[in-house]
Amino acid sequence: MNLNLSERGVAMKTRQRLAVVSEARAGVRREQLDRRALDSHQAEQFAAFLAYAAARSPFHHRRLTANGQIKPLEEIPVLTRTEMMANLDEATSDRRLTRAALDSHVASMTGEDPLLFGEYRVLMTGGTSGVTTYLPFDQASWRRVIAAYPQALISLGFGPRLFPRRRLALITAGGPLHMTYRAAVTNRSPIMASLRLDVTASVSDMAASLDRFQPDVVVGYPSLLAALADEQRAGRLAIHPGMVSAGSEQLRPAMRDAVTDVWVAPFNVYATTEAGGVLAMECREHRGLHLREDFNHIEVVDAHDNPVPEGTTGAALLLTSWLNPVMPIIRYRIDDQVAITSEPCRCGRATKRIIDLTGRVEDTIRLDAVSGGRIDVHPNHFEETIEGWPGVGQFQVVHRADGITVSVVPAPDSPEGWDARLAKELDARLHSLGAKPPSIRIDLVSDLARPATTGAKLRIVRSEV
Ligand SMILES: [Zn+2]
């Protein structure tokens with residue numbers, strides 16, 4: 001068969017799309033494995049992955065082996081982001097992927113889907129620590145990343161359909177270095193219409209685009225989904241998605257309720273770039289997030305990296321992920337606070353579930369104590385006080401040297417004087433904890449400010465002190 005260049009391009013794209021769908025279907029089948037089959041799948045993948053990392057990366061060879069043998073997992077040292085980045089030139093499994101090569105690729109990136117060496121998609125992720133990480137993905141790894149989208153849709157009964165086509169709206173961070181953006185631009189499909197919205201757009205612009213598009217699936221950040229639900233309640237948006245999924249930030253109970261009230265119960269997703277995107281996601285039972293154990297193993301640990309009992313919320317988790325062997329992630333410390341259970345779920349799936357994801361990403365606020373010294377105020381104290389306060393839509397708390405500012409998108413039906421009463425209530429709550437409250441200011445805003453550097457994830461309680 002003689003194909004011209006553009007026909008060849010189309011044929012290749014079609015093959016790639018079919019490969020993603022078959023990857024997704026394989027993932028759905030693995031969701032059905034019983035515990036024993038899952039354990040043996042994990043053990044096999046795990047051993048092969050550790051051997052691969054030790055053979056391909058000098059850095060991991062040093063970490064993983066003793067006397068020429070791969071160590072048992074619990075004897076492998078914990079890996080921090082800082083350490084991984086300090087050893088970048090030896091940490092990847094392709095010696096061409098040096099810091100210099102990655103730096104220069106990122107500095108000269110153009111277009112929506114640039115490839116390094118014609119092969120690698122390079123993503124960047126920054127934690128609250130301020131250390132940014134490069135994560136290069138090869139073609140096979142990337143296919144596994146984007147297959148998570150159709151996999152979730154198929155698994156929850158929203159699989160691709162020829163007529164009428166599914167209409168998928170994705171709210172993503174705004175550039176090719178971010179996973180949500182790159183996944184959206186590489187996951188276009190002829191049997192699924194999609195709309196990408198930039199997370200930094202204003203809520204009213206986003207509502208207007210969604211209104212025109214009329215999605216039946218919406219994927220986005222919980223704080224924005226809640227803000228959009230407020231728009232719908234106020235009569236400025238009229239969409240009727242049958243499925244909503246929320247990720248990248250903490251899904252607070254009030255946000256879940258706001259979305260459920262106007263549309264459907266959202267599916268909470270826990271994703272990290274280091275795990276190649278989706279690490280855990282809710283099923284129809286909405287009773288915890290099923291871990292994607294066919295590609296990941298997690299250990300929940302305390303502040304000293306010792307394991308905590310099942311069901312207990314840890315200080316951090318250690319992630320081992322073999323989805324992307326280009327950048328081996330082995331006992332990699334992530335400062336998210338989760339609890340897991342291996343009790344079977346009513347949906348029938350045997351994977352472990354994250355049952356508590358509440359301590360994620362928010363900052364603890366350190367204030368002067370009445371009795372002298374300092375006191376740590378958990379972010380929950382702010383969230384519990386402000387959430388649901390009459391007059392408050394979405395909000396954010398920022399602690400700076402000159403005091404605490406609460407930015408609030410007012411609710412449509414704000415009662416007179418609500419803001420002064422809220423400031424007073426917060427002051428009283430901080431007093432009751434033994435803190436000397438700094439000045440508290442309530443700022444009315446139309447949108448909440450998002451950081452440009454960390455995938456535009458909104459931290460509801462943030463310390464800048
Ligand atoms: Zn389930």
# chains A, B, ... in the order shown; residues from 1 in each chain; ligands from 1

call {"tool": "residues_near_ligand", "arguments": {"ligand": "ligand 1", "cutoff": "9 Å", "atoms": "only C-alpha atoms and all ligand atoms", "output": "ChimeraX atom specification"}}
result
/A:282-290,344-351,353

call {"tool": "write_last_selection", "arguments": {"atoms": "C-alpha atoms", "output": "PDB file, in the first residue's frame"}}
result
ATOM      1  CA  GLU A 282     -13.232   6.412  43.734  1.00  0.00           C
ATOM      2  CA  CYS A 283     -15.642   3.802  42.441  1.00  0.00           C
ATOM      3  CA  ARG A 284     -19.431   4.141  42.356  1.00  0.00           C
ATOM      4  CA  GLU A 285     -19.591   3.408  46.085  1.00  0.00           C
ATOM      5  CA  HIS A 286     -17.667   6.642  46.873  1.00  0.00           C
ATOM      6  CA  ARG A 287     -16.199   4.903  49.920  1.00  0.00           C
ATOM      7  CA  GLY A 288     -12.520   5.569  49.466  1.00  0.00           C
ATOM      8  CA  LEU A 289     -10.224   5.718  46.459  1.00  0.00           C
ATOM      9  CA  HIS A 290      -9.101   2.443  44.854  1.00  0.00           C
ATOM     10  CA  PRO A 344     -12.955  -5.449  50.384  1.00  0.00           C
ATOM     11  CA  CYS A 345     -15.147  -2.779  48.790  1.00  0.00           C
ATOM     12  CA  ARG A 346     -18.841  -3.326  48.071  1.00  0.00           C
ATOM     13  CA  CYS A 347     -18.087  -2.790  44.378  1.00  0.00           C
ATOM     14  CA  GLY A 348     -16.220  -6.098  44.384  1.00  0.00           C
ATOM     15  CA  ARG A 349     -12.772  -4.767  43.538  1.00  0.00           C
ATOM     16  CA  ALA A 350      -9.925  -6.201  45.628  1.00  0.00           C
ATOM     17  CA  THR A 351      -7.494  -3.279  45.531  1.00  0.00           C
ATOM     18  CA  ARG A 353      -8.356   1.940  49.135  1.00  0.00           C
TER      19      ARG A 353
END

call {"tool": "residues_around", "arguments": {"residues": "A:Phe59", "least_positions_apart": "5", "cutoff": "10 Å", "atoms": "only C-alpha atoms", "output": "MDAnalysis selection string"}}
result
chainID A and resid 53:54 64 84 87:93

call {"tool": "write_last_selection", "arguments": {"atoms": "C-alpha atoms", "output": "compact mmCIF listing (two decimals), in the first residue's frame"}}
result
# COMPACT_ATOMS: atom_id res chain seq x y z
CA ALA A 53 16.23 0.36 37.43
CA ALA A 54 19.38 -1.14 38.97
CA LEU A 64 18.92 -0.87 45.37
CA MET A 84 16.51 12.58 43.21
CA ASN A 87 21.41 12.95 41.27
CA LEU A 88 19.42 13.62 38.13
CA ASP A 89 22.22 12.82 35.66
CA GLU A 90 22.41 9.26 37.01
CA ALA A 91 18.80 8.78 38.11
CA THR A 92 17.07 8.22 34.78
CA SER A 93 17.28 5.02 32.77

call {"tool": "residues_around", "arguments": {"residues": "A:Val78", "least_positions_apart": "4", "cutoff": "10 Å", "atoms": "only C-alpha atoms", "output": "PyMOL selection string"}}
result
chain A and resi 63+73-74+83+305+318-319+330-333

call {"tool": "residues_around", "arguments": {"residues": "A:Thr385", "least_positions_apart": "6", "cutoff": "12 Å", "atoms": "only C-alpha atoms", "output": "list in words"}}
result
Pro379, Val392, Phe395, Val397, Val406, Arg421, Leu422, Ala423, Lys424, Glu425, Leu426, Asp427, Ala428, Arg429 and Leu430 of chain A

call {"tool": "residues_around", "arguments": {"residues": "A:Leu102", "least_positions_apart": "2", "cutoff": "10 Å", "atoms": "only C-alpha atoms", "output": "list in words"}}
result
Leu88, Asp89, Arg96, Leu97, Thr98, Arg99, Ala100, Ser104, His105, Val106, Ala107, Leu116, Val122, Leu123, Tyr134, Leu135 and Pro136 of chain A

call {"tool": "residues_around", "arguments": {"residues": "A:Ile442", "least_positions_apart": "4", "cutoff": "8 Å", "atoms": "only C-alpha atoms", "output": "number ranges by chain"}}
result
A: 405-408, 419-420, 423

call {"tool": "write_last_selection", "arguments": {"atoms": "C-alpha atoms", "output": "PDB file, in the first residue's frame"}}
result
ATOM      1  CA  THR A 405      -6.221  37.433  54.786  1.00  0.00           C
ATOM      2  CA  VAL A 406      -9.310  35.431  53.889  1.00  0.00           C
ATOM      3  CA  SER A 407     -10.190  35.855  50.218  1.00  0.00           C
ATOM      4  CA  VAL A 408     -13.832  35.070  49.597  1.00  0.00           C
ATOM      5  CA  ASP A 419     -17.825  39.417  56.710  1.00  0.00           C
ATOM      6  CA  ALA A 420     -17.335  41.285  59.994  1.00  0.00           C
ATOM      7  CA  ALA A 423     -13.646  37.802  61.114  1.00  0.00           C
TER       8      ALA A 423
END

call {"tool": "select_by_dssp", "arguments": {"residues": "stretch 181-369 of chain A", "states": "helix (DSSP H, G or I)", "output": "PyMOL selection string"}}
result
chain A and resi 181-186+203-213+222-233+253-262+273-275

call {"tool": "write_last_selection", "arguments": {"atoms": "C-alpha atoms", "output": "PDB file, in the first residue's frame"}}
result
ATOM      1  CA  TYR A 181      -2.551  19.763  29.989  1.00  0.00           C
ATOM      2  CA  ARG A 182      -0.375  17.254  28.145  1.00  0.00           C
ATOM      3  CA  ALA A 183      -2.820  14.429  28.777  1.00  0.00           C
ATOM      4  CA  ALA A 184      -5.666  16.556  27.389  1.00  0.00           C
ATOM      5  CA  VAL A 185      -3.834  17.527  24.191  1.00  0.00           C
ATOM      6  CA  THR A 186      -2.583  13.988  23.489  1.00  0.00           C
ATOM      7  CA  VAL A 203     -14.888  31.196  36.490  1.00  0.00           C
ATOM      8  CA  SER A 204     -17.368  33.225  34.418  1.00  0.00           C
ATOM      9  CA  ASP A 205     -15.434  32.595  31.162  1.00  0.00           C
ATOM     10  CA  MET A 206     -15.215  28.931  32.033  1.00  0.00           C
ATOM     11  CA  ALA A 207     -18.951  28.787  32.703  1.00  0.00           C
ATOM     12  CA  ALA A 208     -19.673  30.427  29.332  1.00  0.00           C
ATOM     13  CA  SER A 209     -17.513  27.874  27.466  1.00  0.00           C
ATOM     14  CA  LEU A 210     -19.073  24.959  29.319  1.00  0.00           C
ATOM     15  CA  ASP A 211     -22.544  26.274  28.619  1.00  0.00           C
ATOM     16  CA  ARG A 212     -21.814  26.311  24.885  1.00  0.00           C
ATOM     17  CA  PHE A 213     -20.118  22.894  24.911  1.00  0.00           C
ATOM     18  CA  PRO A 222     -12.448  20.522  43.101  1.00  0.00           C
ATOM     19  CA  SER A 223     -12.239  24.216  44.033  1.00  0.00           C
ATOM     20  CA  LEU A 224     -13.236  25.144  40.486  1.00  0.00           C
ATOM     21  CA  LEU A 225     -15.939  22.517  40.192  1.00  0.00           C
ATOM     22  CA  ALA A 226     -17.428  23.900  43.405  1.00  0.00           C
ATOM     23  CA  ALA A 227     -17.200  27.448  42.026  1.00  0.00           C
ATOM     24  CA  LEU A 228     -18.898  26.281  38.813  1.00  0.00           C
ATOM     25  CA  ALA A 229     -21.589  24.526  40.848  1.00  0.00           C
ATOM     26  CA  ASP A 230     -22.188  27.896  42.544  1.00  0.00           C
ATOM     27  CA  GLU A 231     -22.552  29.446  39.074  1.00  0.00           C
ATOM     28  CA  GLN A 232     -25.138  26.809  38.158  1.00  0.00           C
ATOM     29  CA  ARG A 233     -27.031  27.420  41.395  1.00  0.00           C
ATOM     30  CA  PRO A 253     -16.907  17.836  51.995  1.00  0.00           C
ATOM     31  CA  ALA A 254     -18.534  21.207  51.227  1.00  0.00           C
ATOM     32  CA  MET A 255     -17.178  21.074  47.664  1.00  0.00           C
ATOM     33  CA  ARG A 256     -18.473  17.530  47.221  1.00  0.00           C
ATOM     34  CA  ASP A 257     -21.897  18.631  48.465  1.00  0.00           C
ATOM     35  CA  ALA A 258     -21.966  21.688  46.191  1.00  0.00           C
ATOM     36  CA  VAL A 259     -21.275  19.529  43.113  1.00  0.00           C
ATOM     37  CA  THR A 260     -23.651  16.735  44.198  1.00  0.00           C
ATOM     38  CA  ASP A 261     -26.469  19.225  44.798  1.00  0.00           C
ATOM     39  CA  VAL A 262     -26.510  20.557  41.247  1.00  0.00           C
ATOM     40  CA  THR A 273       2.960  13.216  38.201  1.00  0.00           C
ATOM     41  CA  GLU A 274       5.445  10.846  39.860  1.00  0.00           C
ATOM     42  CA  ALA A 275       2.895   8.015  39.651  1.00  0.00           C
TER      43      ALA A 275
END

call {"tool": "closest_residue", "arguments": {"among": "A:Ser22, A:Ser432, A:Gln250, A:Thr313", "to": "A:Pro150", "atoms": "only C-alpha atoms"}}
result
A:Ser22

call {"tool": "closest_residue", "arguments": {"among": "A:Tyr149, A:Phe295, A:Trp389, A:Phe137", "to": "A:Leu38", "atoms": "only C-alpha atoms"}}
result
A:Phe295

call {"tool": "select_by_dssp", "arguments": {"residues": "stretch 23-117 of chain A", "states": "strand (DSSP E)", "output": "list in words"}}
result
Thr65, Ala66, Gln69 and Ile70 of chain A

call {"tool": "residues_around", "arguments": {"residues": "A:Gly277", "least_positions_apart": "3", "cutoff": "9 Å", "atoms": "only C-alpha atoms", "output": "PDB file with N, CA, C and O atoms, in the first residue's frame"}}
result
ATOM      1  N   VAL A 145      -0.179   6.514  30.809  1.00  0.00           N
ATOM      2  CA  VAL A 145      -0.684   7.718  31.491  1.00  0.00           C
ATOM      3  C   VAL A 145      -2.063   8.083  30.949  1.00  0.00           C
ATOM      4  O   VAL A 145      -3.027   8.237  31.704  1.00  0.00           O
ATOM      5  N   ILE A 146      -2.158   8.192  29.623  1.00  0.00           N
ATOM      6  CA  ILE A 146      -3.418   8.710  29.077  1.00  0.00           C
ATOM      7  C   ILE A 146      -4.517   7.643  29.031  1.00  0.00           C
ATOM      8  O   ILE A 146      -5.691   7.975  29.006  1.00  0.00           O
ATOM      9  N   ALA A 148      -5.465   6.034  31.422  1.00  0.00           N
ATOM     10  CA  ALA A 148      -6.220   6.134  32.681  1.00  0.00           C
ATOM     11  C   ALA A 148      -7.554   6.853  32.463  1.00  0.00           C
ATOM     12  O   ALA A 148      -8.529   6.564  33.162  1.00  0.00           O
ATOM     13  N   MET A 179       1.020  17.751  33.620  1.00  0.00           N
ATOM     14  CA  MET A 179       0.440  16.489  33.180  1.00  0.00           C
ATOM     15  C   MET A 179      -0.984  16.629  32.664  1.00  0.00           C
ATOM     16  O   MET A 179      -1.325  16.058  31.637  1.00  0.00           O
ATOM     17  N   THR A 180      -1.833  17.401  33.372  1.00  0.00           N
ATOM     18  CA  THR A 180      -3.237  17.461  32.958  1.00  0.00           C
ATOM     19  C   THR A 180      -3.361  18.088  31.559  1.00  0.00           C
ATOM     20  O   THR A 180      -4.149  17.639  30.741  1.00  0.00           O
ATOM     21  N   TYR A 270      -7.003  10.879  43.085  1.00  0.00           N
ATOM     22  CA  TYR A 270      -5.740  11.288  43.679  1.00  0.00           C
ATOM     23  C   TYR A 270      -4.669  11.013  42.641  1.00  0.00           C
ATOM     24  O   TYR A 270      -4.435   9.868  42.266  1.00  0.00           O
ATOM     25  N   ALA A 271      -4.071  12.072  42.138  1.00  0.00           N
ATOM     26  CA  ALA A 271      -3.098  11.913  41.058  1.00  0.00           C
ATOM     27  C   ALA A 271      -1.795  12.606  41.418  1.00  0.00           C
ATOM     28  O   ALA A 271      -1.802  13.631  42.104  1.00  0.00           O
ATOM     29  N   THR A 272      -0.686  12.047  40.984  1.00  0.00           N
ATOM     30  CA  THR A 272       0.599  12.732  41.108  1.00  0.00           C
ATOM     31  C   THR A 272       1.374  12.446  39.832  1.00  0.00           C
ATOM     32  O   THR A 272       1.242  11.366  39.239  1.00  0.00           O
ATOM     33  N   THR A 273       2.174  13.395  39.424  1.00  0.00           N
ATOM     34  CA  THR A 273       2.960  13.216  38.201  1.00  0.00           C
ATOM     35  C   THR A 273       3.948  12.067  38.379  1.00  0.00           C
ATOM     36  O   THR A 273       4.230  11.320  37.451  1.00  0.00           O
ATOM     37  N   GLU A 274       4.464  11.906  39.604  1.00  0.00           N
ATOM     38  CA  GLU A 274       5.445  10.846  39.860  1.00  0.00           C
ATOM     39  C   GLU A 274       4.853   9.458  39.644  1.00  0.00           C
ATOM     40  O   GLU A 274       5.560   8.512  39.327  1.00  0.00           O
TER      41      GLU A 274
END

call {"tool": "closest_residue", "arguments": {"among": "A:Leu444, A:Asp335, A:Gly391, A:Gly403", "to": "A:His304", "atoms": "only C-alpha atoms"}}
result
A:Asp335

call {"tool": "closest_residue", "arguments": {"among": "A:Ala66, A:Val461, A:Leu448, A:Val217", "to": "A:Arg400", "atoms": "only C-alpha atoms"}}
result
A:Val461
